[in-house]
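Okay, query-v3.csv is below, CSV, C-alpha atoms:
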chain,number,residue,atom,x,y,z
A,1,MET,CA,14.0,47.4,15.8
A,2,ALA,CA,10.8,46.5,14.0
A,3,TYR,CA,11.0,45.4,10.4
A,4,PRO,CA,8.4,45.1,7.6
A,5,MET,CA,6.0,42.2,7.7
A,6,GLN,CA,7.1,41.4,11.2
A,7,LEU,CA,4.8,38.7,12.9
A,8,GLY,CA,6.5,38.1,16.2
A,9,PHE,CA,8.4,39.9,18.8
A,10,GLN,CA,11.7,41.7,18.2
A,11,ASP,CA,14.8,39.8,19.1
A,12,ALA,CA,15.3,39.8,22.9
A,13,THR,CA,18.0,41.9,24.3
A,14,SER,CA,17.4,41.3,28.0
A,15,PRO,CA,17.0,38.0,29.9
A,16,ILE,CA,13.5,38.8,30.9
A,17,MET,CA,12.5,39.5,27.3
A,18,GLU,CA,13.9,36.1,26.3
A,19,GLU,CA,11.8,34.4,29.0
A,20,LEU,CA,8.7,36.3,27.8
A,21,LEU,CA,9.5,35.3,24.2
A,22,HIS,CA,9.7,31.6,25.1
A,23,PHE,CA,6.6,31.8,27.3
A,24,HIS,CA,4.7,33.4,24.5
A,25,ASP,CA,5.8,30.6,22.1
A,26,HIS,CA,4.7,28.0,24.6
A,27,THR,CA,1.3,29.6,25.3
A,28,LEU,CA,0.7,30.3,21.6
A,29,MET,CA,1.4,26.7,20.8
A,30,ILE,CA,-1.2,25.6,23.3
A,31,VAL,CA,-3.7,28.1,21.8
A,32,PHE,CA,-3.1,26.8,18.3
A,33,LEU,CA,-3.5,23.2,19.3
A,34,ILE,CA,-6.7,23.8,21.1
A,35,SER,CA,-8.1,26.0,18.3
A,36,SER,CA,-7.2,23.5,15.6
A,37,LEU,CA,-8.7,20.6,17.6
A,38,VAL,CA,-12.0,22.5,18.1
A,39,LEU,CA,-12.1,23.5,14.5
A,40,TYR,CA,-11.5,19.9,13.4
A,41,ILE,CA,-14.2,18.6,15.7
A,42,ILE,CA,-16.6,21.3,14.4
A,43,SER,CA,-15.9,20.3,10.8
A,44,LEU,CA,-16.5,16.7,11.7
A,45,MET,CA,-19.8,17.6,13.3
A,46,LEU,CA,-20.9,19.5,10.3
A,47,THR,CA,-20.0,17.0,7.7
A,48,THR,CA,-21.8,13.8,8.8
A,49,LYS,CA,-25.1,12.3,7.8
A,50,LEU,CA,-25.3,10.2,11.0
A,51,THR,CA,-27.6,11.3,13.8
A,52,HIS,CA,-28.1,10.3,17.4
A,53,THR,CA,-31.2,11.7,19.2
A,54,SER,CA,-31.5,9.7,22.4
A,55,THR,CA,-30.1,11.2,25.5
A,56,MET,CA,-27.1,9.5,27.1
A,57,ASP,CA,-24.5,10.2,29.7
A,58,ALA,CA,-20.9,10.7,28.9
A,59,GLN,CA,-19.1,10.4,32.2
A,60,GLU,CA,-15.7,9.5,30.8
A,61,VAL,CA,-15.4,12.2,28.2
A,62,GLU,CA,-16.8,14.8,30.6
A,63,THR,CA,-14.1,13.9,33.1
A,64,ILE,CA,-11.4,14.2,30.5
A,65,TRP,CA,-12.5,17.5,29.2
A,66,THR,CA,-12.6,18.9,32.7
A,67,ILE,CA,-9.3,17.6,34.0
A,68,LEU,CA,-7.3,18.2,30.8
A,69,PRO,CA,-8.1,21.9,30.6
A,70,ALA,CA,-7.3,22.3,34.3
A,71,ILE,CA,-3.9,20.7,33.6
A,72,ILE,CA,-3.3,22.9,30.6
A,73,LEU,CA,-4.1,26.0,32.6
A,74,ILE,CA,-1.7,25.0,35.3
A,75,MET,CA,1.0,24.5,32.6
A,76,ILE,CA,0.4,28.0,31.5
A,77,ALA,CA,0.1,29.6,34.9
A,78,LEU,CA,3.3,28.2,36.4
A,79,PRO,CA,5.8,29.6,33.8
A,80,SER,CA,3.8,32.9,33.8
A,81,LEU,CA,4.1,33.3,37.6
A,82,ARG,CA,7.8,32.3,37.4
A,83,ILE,CA,8.5,35.2,35.0
A,84,LEU,CA,6.3,37.6,37.0
A,85,TYR,CA,8.4,37.0,40.1
A,86,MET,CA,11.6,37.1,38.1
A,87,MET,CA,10.7,40.6,37.0
A,88,ASP,CA,10.5,41.7,40.6
A,89,GLU,CA,13.8,40.2,41.8
A,90,ILE,CA,15.9,42.5,43.9
A,91,ASN,CA,18.9,43.6,41.9
A,92,ASN,CA,21.4,46.2,42.9
A,93,PRO,CA,21.7,48.6,40.0
A,94,SER,CA,25.1,50.1,39.0
A,95,LEU,CA,23.6,53.2,37.4
A,96,THR,CA,20.4,55.3,37.7
A,97,VAL,CA,19.1,57.2,34.7
A,98,LYS,CA,16.0,59.4,34.9
A,99,THR,CA,13.8,60.2,31.9
A,100,MET,CA,11.3,62.9,31.9
A,101,GLY,CA,8.5,62.9,29.3
A,102,HIS,CA,7.5,66.2,27.7
A,103,GLN,CA,5.3,67.4,24.9
A,104,TRP,CA,6.8,65.9,22.7
A,105,TYR,CA,10.3,64.7,23.5
A,106,TRP,CA,12.1,62.8,26.2
A,107,SER,CA,14.9,64.3,28.4
A,108,TYR,CA,17.4,62.2,30.1
A,109,GLU,CA,19.3,62.8,33.3
A,110,TYR,CA,22.4,61.0,34.6
A,111,THR,CA,23.0,62.5,38.1
A,112,ASP,CA,24.9,59.8,40.0
A,113,TYR,CA,28.1,61.7,39.8
A,114,GLU,CA,27.8,65.0,37.9
A,115,ASP,CA,24.6,66.5,36.5
A,116,LEU,CA,24.4,65.4,33.0
A,117,SER,CA,21.1,66.0,31.2
A,118,PHE,CA,20.0,66.4,27.6
A,119,ASP,CA,16.9,66.4,25.5
A,120,SER,CA,16.2,63.8,22.8
A,121,TYR,CA,14.1,64.9,19.9
A,122,MET,CA,13.1,62.8,16.9
A,123,ILE,CA,14.9,63.6,13.7
A,124,PRO,CA,12.4,64.9,11.2
A,125,THR,CA,12.0,62.9,8.0
A,126,SER,CA,13.3,65.7,5.9
A,127,GLU,CA,16.6,65.7,7.8
A,128,LEU,CA,17.3,61.9,7.8
A,129,LYS,CA,20.6,60.8,6.4
A,130,PRO,CA,20.6,57.8,4.0
A,131,GLY,CA,20.0,54.5,5.9
A,132,GLU,CA,18.4,56.1,8.9
A,133,LEU,CA,15.1,54.9,10.1
A,134,ARG,CA,12.0,57.1,9.6
A,135,LEU,CA,10.2,58.2,12.8
A,136,LEU,CA,12.7,56.3,14.9
A,137,GLU,CA,15.9,58.2,15.0
A,138,VAL,CA,16.7,60.9,17.6
A,139,ASP,CA,19.3,63.6,17.8
A,140,ASN,CA,20.7,62.5,21.2
A,141,ARG,CA,20.6,58.8,22.0
A,142,VAL,CA,20.5,57.3,25.5
A,143,VAL,CA,24.0,55.8,25.8
A,144,LEU,CA,24.1,53.1,28.4
A,145,PRO,CA,26.7,50.5,29.5
A,146,MET,CA,25.8,46.9,28.4
A,147,GLU,CA,25.7,43.9,30.7
A,148,MET,CA,25.1,46.2,33.7
A,149,THR,CA,21.9,46.6,35.7
A,150,VAL,CA,20.5,50.1,35.1
A,151,ARG,CA,17.7,51.6,37.2
A,152,MET,CA,15.4,53.7,35.0
A,153,LEU,CA,13.2,56.2,36.8
A,154,ILE,CA,10.5,57.5,34.5
A,155,SER,CA,8.4,60.6,35.1
A,156,SER,CA,6.8,63.4,33.1
A,157,GLU,CA,6.7,67.2,33.2
A,158,ASP,CA,3.3,67.6,31.6
A,159,VAL,CA,1.4,64.9,29.7
A,160,LEU,CA,1.2,61.2,30.2
A,161,PRO,CA,3.5,59.5,27.7
A,162,SER,CA,4.9,56.0,28.2
A,163,TRP,CA,8.5,55.0,27.8
A,164,ALA,CA,8.8,51.7,25.9
A,165,VAL,CA,11.6,49.6,24.4
A,166,PRO,CA,10.2,46.4,23.1
A,167,SER,CA,13.4,44.4,22.6
A,168,LEU,CA,14.2,44.9,26.3
A,169,GLY,CA,10.6,44.1,27.3
A,170,LEU,CA,10.2,47.5,28.9
A,171,LYS,CA,7.1,49.7,29.0
A,172,THR,CA,6.5,52.2,31.8
A,173,ASP,CA,4.1,55.0,32.0
A,174,ALA,CA,5.4,58.5,32.7
A,175,ILE,CA,3.2,60.3,35.2
A,176,PRO,CA,3.8,63.9,36.5
A,177,GLY,CA,4.6,63.9,40.1
A,178,ARG,CA,5.4,60.2,40.3
A,179,LEU,CA,8.7,58.3,39.8
A,180,ASN,CA,8.2,54.9,38.2
A,181,GLN,CA,11.1,52.5,38.4
A,182,THR,CA,12.0,49.8,35.9
A,183,THR,CA,15.2,47.8,35.5
A,184,LEU,CA,17.2,47.5,32.3
A,185,MET,CA,19.8,44.9,31.6
A,186,SER,CA,21.1,44.4,28.1
A,187,THR,CA,23.1,41.3,27.2
A,188,ARG,CA,24.6,42.7,24.0
A,189,PRO,CA,25.6,46.1,22.6
A,190,GLY,CA,23.7,47.8,19.8
A,191,LEU,CA,20.9,50.3,19.1
A,192,PHE,CA,17.5,49.5,20.5
A,193,TYR,CA,14.4,51.5,19.4
A,194,GLY,CA,11.1,52.2,21.1
A,195,GLN,CA,8.3,54.6,20.6
A,196,CYS,CA,6.1,56.6,23.0
A,197,SER,CA,3.4,54.2,24.1
A,198,GLU,CA,0.6,56.3,25.5
A,199,ILE,CA,-1.4,59.0,23.6
A,200,CYS,CA,-0.1,62.3,24.7
A,201,GLY,CA,-1.0,64.9,22.2
A,202,SER,CA,-0.5,65.7,18.5
A,203,ASN,CA,3.1,64.5,18.3
A,204,HIS,CA,2.7,61.3,20.3
A,205,SER,CA,3.8,59.3,17.3
A,206,PHE,CA,6.9,61.4,16.9
A,207,MET,CA,8.8,61.0,20.2
A,208,PRO,CA,10.8,57.8,19.9
A,209,ILE,CA,13.4,56.4,22.2
A,210,VAL,CA,16.8,55.1,21.1
A,211,LEU,CA,19.1,53.3,23.5
A,212,GLU,CA,22.7,52.9,22.5
A,213,LEU,CA,24.2,50.1,24.5
A,214,VAL,CA,28.0,50.1,24.6
A,215,PRO,CA,30.9,48.6,26.7
A,216,LEU,CA,31.5,50.4,30.0
A,217,LYS,CA,34.7,52.1,28.7
A,218,TYR,CA,32.8,53.8,25.9
A,219,PHE,CA,30.0,54.8,28.2
A,220,GLU,CA,32.5,56.5,30.5
A,221,LYS,CA,34.1,58.3,27.6
A,222,TRP,CA,30.8,59.4,26.3
A,223,SER,CA,29.5,60.7,29.6
A,224,ALA,CA,32.7,62.6,30.1
A,225,SER,CA,32.4,64.2,26.7
A,226,MET,CA,28.8,65.2,27.3
A,227,LEU,CA,29.5,67.1,30.5
B,1,MET,CA,30.4,53.6,61.9
B,2,ALA,CA,31.5,56.9,60.5
B,3,GLU,CA,34.4,55.1,58.8
B,4,ASP,CA,31.9,52.8,57.1
B,5,ILE,CA,29.9,55.7,55.8
B,6,GLN,CA,33.0,57.3,54.4
B,7,THR,CA,34.0,54.2,52.5
B,8,LYS,CA,30.4,53.8,51.4
B,9,ILE,CA,30.3,57.3,50.1
B,10,LYS,CA,33.7,56.8,48.4
B,11,ASN,CA,32.5,53.7,46.6
B,12,TYR,CA,29.2,55.2,45.7
B,13,GLN,CA,27.9,54.0,42.4
B,14,THR,CA,24.2,54.7,42.6
B,15,ALA,CA,21.3,54.6,45.1
B,16,PRO,CA,21.2,51.0,46.4
B,17,PHE,CA,18.0,49.0,46.8
B,18,ASP,CA,16.0,50.4,49.7
B,19,SER,CA,13.7,47.9,51.3
B,20,ARG,CA,11.4,50.7,52.6
B,21,PHE,CA,10.5,51.3,49.0
B,22,PRO,CA,10.4,47.9,47.3
B,23,ASN,CA,7.8,48.7,44.6
B,24,GLN,CA,7.6,50.5,41.3
B,25,ASN,CA,6.7,53.9,42.8
B,26,GLN,CA,9.9,55.5,44.0
B,27,THR,CA,8.5,59.0,44.5
B,28,ARG,CA,8.7,58.6,48.3
B,29,ASN,CA,12.3,57.3,48.1
B,30,CYS,CA,13.4,60.5,46.4
B,31,TRP,CA,11.4,62.6,48.9
B,32,GLN,CA,12.6,60.8,51.9
B,33,ASN,CA,16.3,61.1,51.1
B,34,TYR,CA,15.8,64.7,50.2
B,35,LEU,CA,14.2,65.3,53.5
B,36,ASP,CA,16.8,63.3,55.4
B,37,PHE,CA,19.7,65.2,53.8
B,38,HIS,CA,18.2,68.6,54.7
B,39,ARG,CA,17.4,67.5,58.2
B,40,CYS,CA,20.8,66.0,58.7
B,41,GLU,CA,22.4,69.2,57.4
B,42,LYS,CA,20.3,71.4,59.6
B,43,ALA,CA,21.0,69.2,62.7
B,44,MET,CA,24.7,69.0,62.0
B,45,THR,CA,25.1,72.8,61.5
B,46,ALA,CA,23.0,73.5,64.6
B,47,LYS,CA,25.2,71.2,66.7
B,48,GLY,CA,28.4,72.3,65.0
B,49,GLY,CA,29.0,68.8,63.8
B,50,ASP,CA,30.5,67.3,60.6
B,51,VAL,CA,28.1,67.9,57.7
B,52,SER,CA,30.0,65.4,55.5
B,53,VAL,CA,28.1,62.5,57.2
B,54,CYS,CA,25.0,63.8,55.4
B,55,GLU,CA,26.8,63.3,52.0
B,56,TRP,CA,25.2,59.9,51.6
B,57,TYR,CA,21.7,61.3,51.6
B,58,ARG,CA,22.7,64.0,49.2
B,59,ARG,CA,24.2,61.5,46.8
B,60,VAL,CA,21.1,59.3,47.0
B,61,TYR,CA,18.6,62.1,46.4
B,62,LYS,CA,20.7,63.5,43.6
B,63,SER,CA,20.6,60.1,42.0
B,64,LEU,CA,16.9,59.6,42.4
B,65,CYS,CA,15.2,63.0,42.2
B,66,PRO,CA,14.6,64.6,38.8
B,67,ILE,CA,16.5,67.8,38.4
B,68,SER,CA,13.3,69.8,37.9
B,69,TRP,CA,11.9,68.6,41.2
B,70,VAL,CA,14.8,69.9,43.3
B,71,LEU,CA,14.8,73.5,44.2
B,72,GLU,CA,18.3,74.8,44.3
B,73,LYS,CA,17.6,77.9,46.4
B,74,THR,CA,16.1,78.3,49.8
B,75,LEU,CA,12.7,80.0,50.1
B,76,GLU,CA,13.0,82.7,52.7
B,77,ASN,CA,10.1,85.0,51.9
B,78,PRO,CA,7.0,84.8,49.7
B,79,LEU,CA,8.7,86.8,46.9
B,80,ASP,CA,11.1,83.8,46.4
B,81,CYS,CA,8.3,81.8,45.0
B,82,LYS,CA,7.6,84.4,42.3
B,83,GLU,CA,10.4,83.2,40.1
B,84,ILE,CA,9.4,79.6,40.3
B,85,GLN,CA,5.7,80.1,39.5
B,86,PRO,CA,5.5,83.3,37.6
B,87,VAL,CA,2.5,85.2,38.7
B,88,HIS,CA,0.1,86.3,36.0
B,89,SER,CA,0.9,89.8,34.8
B,90,LYS,CA,-2.5,91.0,36.0
B,91,GLY,CA,-2.3,89.1,39.3
B,92,ASP,CA,-0.8,92.1,41.2
B,93,GLN,CA,-3.9,94.1,40.9
B,94,LEU,CA,-6.0,94.9,44.0
B,95,TRP,CA,-8.9,92.6,44.6
B,96,VAL,CA,-12.0,94.8,44.6
B,97,PHE,CA,-14.9,93.7,46.7
B,98,PHE,CA,-18.3,94.2,45.2
B,99,GLY,CA,-21.2,94.0,47.6
B,100,ARG,CA,-22.3,94.8,51.1
B,101,ASN,CA,-20.0,94.2,53.9
B,102,ASP,CA,-22.3,95.1,56.8
B,103,ALA,CA,-23.4,92.4,59.3
B,104,LYS,CA,-27.0,92.7,58.4
B,105,ALA,CA,-26.4,91.5,54.9
B,106,GLU,CA,-24.7,88.4,56.2
B,107,ALA,CA,-27.6,87.4,58.4
B,108,PRO,CA,-30.7,86.5,56.3
B,109,VAL,CA,-34.0,86.9,58.1
B,110,LEU,CA,-36.0,83.7,57.8
B,111,TRP,CA,-38.9,84.4,60.1
B,112,PRO,CA,-41.5,85.9,59.7
B,113,PRO,CA,-41.5,84.8,56.0
B,114,HIS,CA,-42.6,88.2,54.7
B,115,ALA,CA,-39.8,90.2,56.4
B,116,LYS,CA,-37.0,91.2,54.0
B,117,SER,CA,-33.9,92.1,56.0

Could you take the file, read its structure, and then write that structure out as structure tokens?
Amino acid sequence: MAYPMQLGFQDATSPIMEELLHFHDHTLMIVFLISSLVLYIISLMLTTKLTHTSTMDAQEVETIWTILPAIILIMIALPSLRILYMMDEINNPSLTVKTMGHQWYWSYEYTDYEDLSFDSYMIPTSELKPGELRLLEVDNRVVLPMEMTVRMLISSEDVLPSWAVPSLGLKTDAIPGRLNQTTLMSTRPGLFYGQCSEICGSNHSFMPIVLELVPLKYFEKWSASML
Amino acid sequence: MAEDIQTKIKNYQTAPFDSRFPNQNQTRNCWQNYLDFHRCEKAMTAKGGDVSVCEWYRRVYKSLCPISWVLEKTLENPLDCKEIQPVHSKGDQLWVFFGRNDAKAEAPVLWPPHAKS
């Protein structure tokens, strides 16, 4: 989950998020290079006593600073489009989980076999046990099997919250009357936190999401115990 | 073909990818399978056929449709809707009509301009 003084993304838990992380590093590097080059040139311009007032042409440098940016943009666009298409790949999920947003909690439904559904409220700060995270813990976590493709269908019963889990690279708006689909695939077990990502009323900041990714055996045991 | 369906239903994990609904909005997917199940069930019971072939659609709509969207009971008369959408406690009062209900009131006289009604 997020930690104090964090500057970058959370560690990636899904392959897509890994790709996005690397893409961001690549693009940010280009941005830093261009910015520092421009800053350097500006500082050079501002700290010289030399002047040149006669007009001249500059065909060579003009060509370079037209072609080079075009190449740089292509070098950004190609990985970007690759990831975009990767996100839309057809995958056959092994499990479907529905989440309905309410004011101000999430409810989850696992109805592939039996009808399992439960609500997930934030644990108030006064009731936190030692070591638990403020404003992030919930009473009932979303237990999911790891290393399996899960289809998440997100909707809402009243307001317009947004279901987000940054370490998996997920953020999907919950709209009443509409079922939004996103795909979840975790490469490792663990607890992954997210927070409601669209203003939806007074307790918008107090409806977090906690995913508990476990091996399939434990998931089956858990779902049997919840019924 | 029926055998294929039976094995498909037996090995059901979750709703498979449906190329009719390839995008993010899966509302129609849920709706279509719900509709298909009820139509199949109706057609099979009308013909006296085996309703178990409709099981596939039932599993798919159960996987996709949120529980609160699916009505578990059949609506036979208007009173069935009352429980779902509770009518306001004052909604059962008679609606009283204030005004004239004769035909002359409905037809305004526009000419000559000084005529009233």

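Separating atom CA of Gln6 of chain A from atom CA of Leu211 of chain A is a distance of 20.9 Å.
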
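Nearest residue to chain B, choosing from A:Cys196, A:Leu95, A:Leu136, A:Met207 and counting all atoms listed in the file: A:Leu95.
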
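Compared by their closest atoms to chain B, and using only C-alpha atoms, the residues A:Arg178, A:Arg151, A:Lys49, A:Arg134 rank with A:Arg178 nearest.
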
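Atom pair atom CA of Leu79 of chain B / atom CA of Thr45 of chain B has a distance of 26.0 Å (rounded to one decimal).
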
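Residues having any atom no farther than 12 Å from (4.9, 30.3, 35.4) (counting all atoms listed in the file) are Glu19, Leu20, His22, Phe23, His24, His26, Thr27, Leu73, Ile74, Met75, Ile76, Ala77, Leu78, Pro79, Ser80, Leu81, Arg82, Ile83, Leu84, Tyr85, Met86 and Met87 of chain A.
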
Please produce segment 138-149 of chain A, completed to all heavy atoms, as a PDB file, keeping the file's coordinate frame.
ATOM      1  N   VAL A 138      16.754  59.671  16.721  1.00  0.00           N
ATOM      2  CA  VAL A 138      16.700  60.900  17.600  1.00  0.00           C
ATOM      3  C   VAL A 138      18.069  61.562  17.482  1.00  0.00           C
ATOM      4  O   VAL A 138      19.063  60.973  17.048  1.00  0.00           O
ATOM      5  CB  VAL A 138      16.437  60.506  19.045  1.00  0.00           C
ATOM      6  CG1 VAL A 138      15.056  59.972  19.215  1.00  0.00           C
ATOM      7  CG2 VAL A 138      17.461  59.546  19.578  1.00  0.00           C
ATOM      8  N   ASP A 139      18.081  62.820  17.897  1.00  0.00           N
ATOM      9  CA  ASP A 139      19.300  63.600  17.800  1.00  0.00           C
ATOM     10  C   ASP A 139      20.319  63.105  18.906  1.00  0.00           C
ATOM     11  O   ASP A 139      21.494  62.878  18.632  1.00  0.00           O
ATOM     12  CB  ASP A 139      19.104  65.082  17.863  1.00  0.00           C
ATOM     13  CG  ASP A 139      18.218  65.494  19.028  1.00  0.00           C
ATOM     14  OD1 ASP A 139      17.888  64.638  19.869  1.00  0.00           O
ATOM     15  OD2 ASP A 139      17.852  66.671  19.081  1.00  0.00           O
ATOM     16  N   ASN A 140      19.846  62.923  20.131  1.00  0.00           N
ATOM     17  CA  ASN A 140      20.700  62.500  21.200  1.00  0.00           C
ATOM     18  C   ASN A 140      20.234  61.133  21.745  1.00  0.00           C
ATOM     19  O   ASN A 140      19.171  61.057  22.343  1.00  0.00           O
ATOM     20  CB  ASN A 140      20.744  63.473  22.362  1.00  0.00           C
ATOM     21  CG  ASN A 140      21.298  64.803  21.935  1.00  0.00           C
ATOM     22  OD1 ASN A 140      22.319  64.870  21.264  1.00  0.00           O
ATOM     23  ND2 ASN A 140      20.635  65.866  22.311  1.00  0.00           N
ATOM     24  N   ARG A 141      21.037  60.081  21.506  1.00  0.00           N
ATOM     25  CA  ARG A 141      20.600  58.800  22.000  1.00  0.00           C
ATOM     26  C   ARG A 141      20.930  58.584  23.447  1.00  0.00           C
ATOM     27  O   ARG A 141      21.813  59.244  23.983  1.00  0.00           O
ATOM     28  CB  ARG A 141      21.330  57.674  21.195  1.00  0.00           C
ATOM     29  CG  ARG A 141      21.033  57.707  19.722  1.00  0.00           C
ATOM     30  CD  ARG A 141      21.725  56.546  19.058  1.00  0.00           C
ATOM     31  NE  ARG A 141      21.552  56.613  17.622  1.00  0.00           N
ATOM     32  CZ  ARG A 141      22.519  56.359  16.753  1.00  0.00           C
ATOM     33  NH1 ARG A 141      23.707  56.008  17.200  1.00  0.00           N
ATOM     34  NH2 ARG A 141      22.285  56.435  15.460  1.00  0.00           N
ATOM     35  N   VAL A 142      20.252  57.637  24.055  1.00  0.00           N
ATOM     36  CA  VAL A 142      20.500  57.300  25.500  1.00  0.00           C
ATOM     37  C   VAL A 142      21.627  56.289  25.491  1.00  0.00           C
ATOM     38  O   VAL A 142      21.403  55.114  25.212  1.00  0.00           O
ATOM     39  CB  VAL A 142      19.259  56.724  26.128  1.00  0.00           C
ATOM     40  CG1 VAL A 142      19.467  56.602  27.613  1.00  0.00           C
ATOM     41  CG2 VAL A 142      18.050  57.547  25.802  1.00  0.00           C
ATOM     42  N   VAL A 143      22.826  56.725  25.807  1.00  0.00           N
ATOM     43  CA  VAL A 143      24.000  55.800  25.800  1.00  0.00           C
ATOM     44  C   VAL A 143      23.995  55.130  27.200  1.00  0.00           C
ATOM     45  O   VAL A 143      23.890  55.790  28.223  1.00  0.00           O
ATOM     46  CB  VAL A 143      25.263  56.546  25.545  1.00  0.00           C
ATOM     47  CG1 VAL A 143      26.437  55.590  25.571  1.00  0.00           C
ATOM     48  CG2 VAL A 143      25.180  57.249  24.204  1.00  0.00           C
ATOM     49  N   LEU A 144      24.107  53.816  27.195  1.00  0.00           N
ATOM     50  CA  LEU A 144      24.100  53.100  28.400  1.00  0.00           C
ATOM     51  C   LEU A 144      25.173  51.971  28.378  1.00  0.00           C
ATOM     52  O   LEU A 144      25.478  51.482  27.300  1.00  0.00           O
ATOM     53  CB  LEU A 144      22.754  52.402  28.675  1.00  0.00           C
ATOM     54  CG  LEU A 144      21.576  53.320  28.942  1.00  0.00           C
ATOM     55  CD1 LEU A 144      20.284  52.541  28.902  1.00  0.00           C
ATOM     56  CD2 LEU A 144      21.728  53.990  30.304  1.00  0.00           C
ATOM     57  N   PRO A 145      25.716  51.570  29.529  1.00  0.00           N
ATOM     58  CA  PRO A 145      26.700  50.500  29.500  1.00  0.00           C
ATOM     59  C   PRO A 145      25.963  49.130  29.399  1.00  0.00           C
ATOM     60  O   PRO A 145      24.945  48.907  30.059  1.00  0.00           O
ATOM     61  CB  PRO A 145      27.387  50.591  30.868  1.00  0.00           C
ATOM     62  CG  PRO A 145      26.421  51.294  31.740  1.00  0.00           C
ATOM     63  CD  PRO A 145      25.530  52.120  30.874  1.00  0.00           C
ATOM     64  N   MET A 146      26.492  48.230  28.575  1.00  0.00           N
ATOM     65  CA  MET A 146      25.800  46.900  28.400  1.00  0.00           C
ATOM     66  C   MET A 146      26.202  46.000  29.556  1.00  0.00           C
ATOM     67  O   MET A 146      27.170  46.234  30.262  1.00  0.00           O
ATOM     68  CB  MET A 146      26.220  46.315  27.082  1.00  0.00           C
ATOM     69  CG  MET A 146      27.722  46.117  26.993  1.00  0.00           C
ATOM     70  SD  MET A 146      28.196  45.480  25.424  1.00  0.00           S
ATOM     71  CE  MET A 146      28.731  43.872  25.881  1.00  0.00           C
ATOM     72  N   GLU A 147      25.435  44.936  29.699  1.00  0.00           N
ATOM     73  CA  GLU A 147      25.700  43.900  30.700  1.00  0.00           C
ATOM     74  C   GLU A 147      25.770  44.476  32.122  1.00  0.00           C
ATOM     75  O   GLU A 147      26.434  43.909  32.976  1.00  0.00           O
ATOM     76  CB  GLU A 147      26.976  43.131  30.387  1.00  0.00           C
ATOM     77  CG  GLU A 147      26.832  42.288  29.133  1.00  0.00           C
ATOM     78  CD  GLU A 147      28.123  41.592  28.768  1.00  0.00           C
ATOM     79  OE1 GLU A 147      29.190  42.050  29.212  1.00  0.00           O
ATOM     80  OE2 GLU A 147      28.051  40.607  28.030  1.00  0.00           O
ATOM     81  N   MET A 148      25.129  45.596  32.358  1.00  0.00           N
ATOM     82  CA  MET A 148      25.100  46.200  33.700  1.00  0.00           C
ATOM     83  C   MET A 148      23.641  46.494  34.038  1.00  0.00           C
ATOM     84  O   MET A 148      22.903  46.949  33.169  1.00  0.00           O
ATOM     85  CB  MET A 148      25.929  47.426  33.803  1.00  0.00           C
ATOM     86  CG  MET A 148      27.410  47.139  33.887  1.00  0.00           C
ATOM     87  SD  MET A 148      28.385  48.606  33.744  1.00  0.00           S
ATOM     88  CE  MET A 148      28.008  49.456  35.235  1.00  0.00           C
ATOM     89  N   THR A 149      23.261  46.289  35.287  1.00  0.00           N
ATOM     90  CA  THR A 149      21.900  46.600  35.700  1.00  0.00           C
ATOM     91  C   THR A 149      21.725  48.086  35.853  1.00  0.00           C
ATOM     92  O   THR A 149      22.449  48.719  36.602  1.00  0.00           O
ATOM     93  CB  THR A 149      21.576  45.884  37.009  1.00  0.00           C
ATOM     94  OG1 THR A 149      22.018  44.534  36.913  1.00  0.00           O
ATOM     95  CG2 THR A 149      20.087  45.883  37.279  1.00  0.00           C
TER      96      THR A 149
END
